[in-house]
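Student: Pasting data.txt below, which is compact mmCIF, C-alpha atoms.
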# COMPACT_ATOMS: atom_id res chain seq x y z
CA LEU K 223 0.00 0.00 0.00
CA TRP K 224 2.85 2.39 0.85
CA LYS K 225 4.60 1.76 -2.49
CA GLN K 226 1.32 2.31 -4.34
CA ARG K 227 0.78 5.64 -2.60
CA VAL K 228 4.33 6.76 -3.35
CA ASN K 229 3.81 5.89 -7.03
CA TYR K 230 0.55 7.88 -7.11
CA LEU K 231 2.35 10.84 -5.55
CA LEU K 232 5.13 10.62 -8.14
CA GLY K 233 2.52 10.54 -10.92
CA TRP K 234 0.74 13.53 -9.40
CA PHE K 235 3.98 15.53 -9.30
CA GLY K 236 4.65 14.70 -12.95
CA GLU K 237 1.14 15.76 -13.99
CA ARG K 238 1.50 18.95 -11.96
CA MET K 239 4.85 19.77 -13.57
CA VAL K 240 3.36 19.41 -17.05
CA ALA K 241 0.35 21.57 -16.13
CA GLU K 242 2.72 24.30 -14.93
CA LYS K 243 4.74 24.15 -18.16
CA LEU K 244 1.54 24.72 -20.18
CA ARG K 245 0.54 27.87 -18.26
CA SER K 246 2.69 30.07 -20.49
CA LEU K 247 0.74 28.87 -23.54
CA GLN K 248 -2.52 29.95 -21.90
CA ARG K 249 -1.13 33.47 -21.61
CA GLU K 250 -0.48 33.33 -25.37
CA GLY K 251 -4.12 32.47 -26.12
CA TYR K 252 -3.94 28.68 -26.23
CA HIS K 253 -6.73 26.67 -24.60
CA VAL K 254 -5.50 23.88 -22.29
CA PHE K 255 -7.74 21.03 -21.17
CA HIS K 256 -6.68 18.65 -18.40
CA ASP K 257 -7.96 15.07 -17.97
CA LEU K 258 -10.32 15.12 -20.91
CA PRO K 259 -12.88 12.34 -20.32
CA ALA K 260 -13.06 9.93 -23.23
CA GLU K 261 -14.99 6.74 -23.83
CA PRO K 262 -17.20 6.01 -20.81
CA GLY K 263 -17.64 2.58 -19.26
CA LYS K 264 -15.26 -0.19 -18.29
CA LYS K 265 -12.82 0.54 -21.08
CA GLY K 266 -13.08 4.28 -20.53
CA PHE K 267 -10.01 6.43 -20.45
CA ASN K 268 -8.98 10.03 -20.17
CA VAL K 269 -6.63 12.12 -22.26
CA ASP K 270 -4.08 13.78 -20.00
CA ARG K 271 -3.89 17.10 -21.88
CA VAL K 272 -5.34 18.65 -25.03
CA VAL K 273 -4.02 22.02 -26.18
CA VAL K 274 -5.81 24.05 -28.87
CA GLY K 275 -4.38 27.14 -30.54
CA SER K 276 -3.60 28.74 -33.87
CA THR K 277 -0.81 26.22 -34.49
CA GLY K 278 -3.28 23.32 -34.18
CA VAL K 279 -4.31 20.72 -31.64
CA ALA K 280 -1.84 18.81 -29.46
CA VAL K 281 -2.62 15.68 -27.44
CA ILE K 282 -0.22 15.20 -24.54
CA GLU K 283 0.27 11.99 -22.58
CA VAL K 284 2.32 12.21 -19.37
CA LYS K 285 4.39 9.26 -18.13
CA THR K 286 6.27 9.78 -14.90
CA ARG K 287 8.81 7.08 -14.12
CA ARG K 288 11.09 6.65 -11.15
CA LYS K 289 14.77 6.48 -11.86
CA GLY K 290 16.47 3.26 -10.83
CA ALA K 291 19.50 1.13 -11.43
CA ALA K 292 20.68 1.35 -15.04
CA ARG K 293 21.88 -1.54 -17.16
CA GLU K 294 25.49 -1.59 -18.26
CA GLY K 295 26.07 1.10 -20.88
CA PHE K 296 22.95 3.13 -20.02
CA LYS K 297 22.64 6.39 -18.11
CA ASP K 298 20.24 6.32 -15.16
CA HIS K 299 18.70 9.72 -16.09
CA GLU K 300 18.25 9.22 -19.85
CA VAL K 301 15.49 7.70 -21.96
CA SER K 302 15.73 7.27 -25.73
CA PHE K 303 13.01 7.19 -28.35
CA ASP K 304 14.10 5.36 -31.51
CA GLY K 305 10.94 6.11 -33.48
CA THR K 306 9.02 3.04 -32.32
CA ARG K 307 9.82 2.44 -28.64
CA LEU K 308 11.13 4.02 -25.48
CA ILE K 309 14.44 2.67 -24.25
CA TRP K 310 14.72 3.18 -20.50
CA PRO K 311 17.88 2.41 -18.50
CA TRP K 312 16.21 -0.81 -17.30
CA GLY K 313 14.33 -1.95 -20.43
CA GLN K 314 12.09 -1.08 -23.36
CA GLU K 315 8.47 -0.03 -23.72
CA LYS K 316 6.07 0.39 -26.65
CA LYS K 317 2.70 0.54 -24.92
CA CYS K 318 2.80 4.26 -24.06
CA ILE K 319 3.75 5.10 -27.67
CA ALA K 320 0.66 3.31 -28.98
CA GLN K 321 -1.47 4.86 -26.22
CA THR K 322 -0.42 8.40 -27.18
CA ILE K 323 -1.05 7.84 -30.89
CA ASN K 324 -4.44 6.20 -30.20
CA GLU K 325 -5.52 9.08 -27.95
CA ALA K 326 -4.60 11.62 -30.63
CA ASP K 327 -6.65 9.63 -33.13
CA TRP K 328 -9.60 9.53 -30.71
CA VAL K 329 -9.39 13.32 -30.29
CA ARG K 330 -9.22 13.78 -34.08
CA LYS K 331 -12.40 11.73 -34.56
CA TRP K 332 -14.14 13.41 -31.63
CA ILE K 333 -13.39 16.91 -32.96
CA PHE K 334 -14.66 15.99 -36.42
CA LYS K 335 -17.84 14.46 -35.01
CA HIS K 336 -18.61 17.51 -32.84
CA THR K 337 -17.37 20.34 -35.06
CA GLY K 338 -17.12 19.02 -38.60
CA LEU K 339 -13.53 20.27 -38.67
CA SER K 340 -10.79 18.00 -39.93
CA VAL K 341 -7.69 18.44 -37.76
CA SER K 342 -4.62 16.31 -37.21
CA PRO K 343 -3.67 16.51 -33.53
CA LYS K 344 0.03 16.35 -32.71
CA PRO K 345 0.65 13.40 -30.38
CA ILE K 346 3.21 14.27 -27.73
CA LEU K 347 4.51 11.96 -25.00
CA THR K 348 6.28 13.79 -22.21
CA VAL K 349 8.41 12.23 -19.49
CA PRO K 350 9.02 14.58 -16.54
CA GLY K 351 12.43 14.37 -14.88
CA TRP K 352 14.18 12.62 -17.75
CA PHE K 353 16.69 13.68 -20.36
CA VAL K 354 15.19 12.49 -23.65
CA ARG K 355 17.17 11.45 -26.72
CA GLU K 356 14.65 11.57 -29.55
CA THR K 357 14.94 10.17 -33.05
CA PRO K 358 12.67 12.25 -35.28
CA SER K 359 9.38 10.52 -35.99
CA HIS K 360 6.30 11.53 -37.96
CA ALA K 361 4.14 9.49 -35.60
CA LEU K 362 4.76 11.47 -32.41
CA ARG K 363 7.19 13.50 -30.30
CA VAL K 364 8.73 12.23 -27.07
CA ILE K 365 10.10 15.11 -25.01
CA ASN K 366 10.91 16.49 -21.60
CA PRO K 367 8.18 18.93 -20.40
CA ASP K 368 10.62 21.85 -20.76
CA PHE K 369 10.16 21.57 -24.55
CA LEU K 370 6.35 21.34 -24.66
CA SER K 371 5.82 24.92 -25.77
CA ASP K 372 8.19 24.53 -28.71
CA ALA K 373 6.67 21.18 -29.72
CA ILE K 374 3.14 22.58 -29.62
CA LYS K 375 3.95 25.81 -31.48
CA GLY K 376 6.25 24.09 -33.99
CA ASN K 377 7.47 26.60 -36.55
CA GLY K 378 4.60 28.92 -35.63
CA ALA K 379 2.64 28.26 -38.82
CA LYS K 380 -1.04 29.12 -38.40
CA VAL K 381 -3.12 25.97 -38.88
CA LEU K 382 -6.42 27.12 -37.38
CA GLU K 383 -8.28 30.41 -37.63
CA ALA K 384 -9.40 32.11 -34.40
CA ASP K 385 -13.04 31.08 -34.91
CA GLN K 386 -12.00 27.45 -35.42
CA VAL K 387 -9.85 27.51 -32.29
CA ASN K 388 -12.74 28.95 -30.28
CA PHE K 389 -15.26 26.46 -31.70
CA ILE K 390 -13.07 23.45 -30.89
CA ALA K 391 -12.30 24.88 -27.43
CA LEU K 392 -16.02 25.43 -26.76
CA GLN K 393 -16.85 21.83 -27.64
CA LEU K 394 -13.99 20.48 -25.50
CA ASP K 395 -15.10 22.72 -22.64
CA LEU K 396 -18.61 21.28 -22.88
CA LEU K 397 -17.18 17.76 -22.78
CA CYS K 398 -15.13 18.57 -19.68
CA ARG K 399 -18.13 20.08 -17.90
CA ASP K 400 -20.35 17.08 -18.59
CA VAL K 401 -18.58 14.69 -16.21
CA GLU K 402 -20.37 12.39 -13.79
CA ASP K 403 -19.04 11.80 -10.27
Translate the structure described by the file into structure tokens.
Tutor:
Amino acid sequence: LWKQRVNYLLGWFGERMVAEKLRSLQREGYHVFHDLPAEPGKKGFNVDRVVVGSTGVAVIEVKTRRKGAAREGFKDHEVSFDGTRLIWPWGQEKKCIAQTINEADWVRKWIFKHTGLSVSPKPILTVPGWFVRETPSHALRVINPDFLSDAIKGNGAKVLEADQVNFIALQLDLLCRDVED
């Protein structure tokens, strides 16, 4: 029970760190949604963060992992993304990559269904507390939270008009307000 509570606390700190990093985007006119409720029922899930602004829609999944003993040849503070998997000091993982891509696809379909707008959300996986070595990938970005703003804004190219941003944000706001206890 103690270990479970410590893990929940670590996860909470990671989520909090990411939320704080996104505050600067809100001051720039971006809309940030936390814990977006998705499919209800037993297989229900939530999307950690959705950010909407003139540069498009970003779907952010947060994975906070404790550092531990590293294998020979690996640094205990570094995680690598090779385009298909995360390579941690203790092993490899693909599940969170698929999760992030699937959540972005769910958001894409949800936005189209509720607004009629065709958008391509940027899937971003962020790992608080880790130095990330990232191989460029068209599928998603894997980054430290310090680089969220740059990943979301990209080259600054305007993808959505102000009325589209506001319409998507309004629909997401309605979804977030319609949550059962």
Student: Between K:Leu247, K:Leu396, K:Leu308, K:Ile365, which residue has the minimum interatomic distance to K:Thr277, considering only C-alpha atoms?
Tutor: K:Leu247
Student: Let me make sure I understand: among K:Gln393, K:Gln321, K:Ser359, K:Ser371, which one has the smallest atom-to-atom distance to K:Val240 if we use only C-alpha atoms?
Tutor: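 Checking each candidate against K:Val240, we get K:Ser371 as the closest.
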Student: Can you tell me, as a list in words, what residues are no more than 8 Å from K:Ala361 when counting all atoms listed in the file, ignoring any on the same chain fewer than 3 positions away?
Tutor: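 Residues near the query, excluding close chain neighbours: Gly305, Ile323 and Pro345 of chain K.
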Student: Could you please give me, as a PyMOL selection string, the residues of protein, DNA or RNA lying at most 9 Å from (13.8, 8.3, -11.5) in the coordinate frame of the file, considering all atoms listed in the file?
Tutor: chain K and resi 286-290+298-299+351-352
Student: In Å, how far is it from atom CA of K:Phe235 to atom CA of K:Lys375?
Tutor: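 So the answer is 24.4 Å.
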Student: Rounded to one decimal, what separation in Å do you get between atom CA of K:Gln226 and atom CA of K:Trp310?
Tutor: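 Distance reported for this atom pair: 21.0 Å.
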Student: Do you have the atom CA of K:Phe296-atom CA of K:Val349 distance handy?
Tutor: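 Atom-to-atom, atom CA of K:Phe296 to atom CA of K:Val349, that is 17.2 Å.
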Student: Just want the 10 Å neighbourhood of K:Lys316, counted on all atoms listed in the file, with same-chain residues fewer than 4 positions away dropped. Output as a compact mmCIF listing (two decimals) with C-alpha atoms, in the frame of the given file.
Tutor:
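As a result, out_16.txt now contains:
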# COMPACT_ATOMS: atom_id res chain seq x y z
CA PHE K 303 13.01 7.19 -28.35
CA THR K 306 9.02 3.04 -32.32
CA ARG K 307 9.82 2.44 -28.64
CA LEU K 308 11.13 4.02 -25.48
CA ILE K 309 14.44 2.67 -24.25
CA ALA K 320 0.66 3.31 -28.98
CA GLN K 321 -1.47 4.86 -26.22
Student: Nearest to K:Pro350 among K:Asn229, K:Asn366, K:Ser246, K:Thr322, with distances taken over all atoms listed in the file: which residue is it?
Tutor: K:Asn366
Student: Please define a box with edges along x, y and z of the file around all atoms of stretch 327-339 of chain K given in the file, extend it by 8 Å on each side, and return its centre and edge lengths in Å to one decimal, as JSON.
Tutor:
{"center_x": -12.6, "center_y": 14.9, "center_z": -34.5, "size_x": 28.0, "size_y": 26.8, "size_z": 24.4}
Student: So, counting all atoms listed in the file, which residue among K:Trp224, K:Trp328, K:Trp312, K:Tyr230 is closest to K:Gly266?
Tutor: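 Under the stated criterion, the closest residue is K:Trp328.
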Student: Excluding K:Tyr252 and residues on its chain fewer than 2 positions from it, collect all residues at most 12 Å away from it, counting all atoms listed in the file, and give them as a compact mmCIF listing (two decimals) with C-alpha atoms, in the frame of the given file.
Tutor:
# COMPACT_ATOMS: atom_id res chain seq x y z
CA LEU K 244 1.54 24.72 -20.18
CA ARG K 245 0.54 27.87 -18.26
CA SER K 246 2.69 30.07 -20.49
CA LEU K 247 0.74 28.87 -23.54
CA GLN K 248 -2.52 29.95 -21.90
CA ARG K 249 -1.13 33.47 -21.61
CA GLU K 250 -0.48 33.33 -25.37
CA VAL K 254 -5.50 23.88 -22.29
CA PHE K 255 -7.74 21.03 -21.17
CA VAL K 272 -5.34 18.65 -25.03
CA VAL K 273 -4.02 22.02 -26.18
CA VAL K 274 -5.81 24.05 -28.87
CA GLY K 275 -4.38 27.14 -30.54
CA SER K 276 -3.60 28.74 -33.87
CA THR K 277 -0.81 26.22 -34.49
CA GLY K 278 -3.28 23.32 -34.18
CA VAL K 279 -4.31 20.72 -31.64
CA ALA K 280 -1.84 18.81 -29.46
CA SER K 371 5.82 24.92 -25.77
CA ILE K 374 3.14 22.58 -29.62
CA LYS K 375 3.95 25.81 -31.48
CA LEU K 382 -6.42 27.12 -37.38
CA ALA K 384 -9.40 32.11 -34.40
CA VAL K 387 -9.85 27.51 -32.29
CA ASN K 388 -12.74 28.95 -30.28
CA ILE K 390 -13.07 23.45 -30.89
CA ALA K 391 -12.30 24.88 -27.43
Student: Using only C-alpha atoms, which of K:Ile346, K:Phe353, K:Val329, K:Val364 sits nearest K:Pro311?
Tutor: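 Closest to K:Pro311, using only C-alpha atoms: K:Phe353.
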Student: Which residue, K:Ala260, K:Leu232, K:Ser342, K:Glu283, has the smallest gap to K:His360 when you use only C-alpha atoms?
Tutor: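 Ranked by minimum distance to K:His360, first place goes to K:Ser342.
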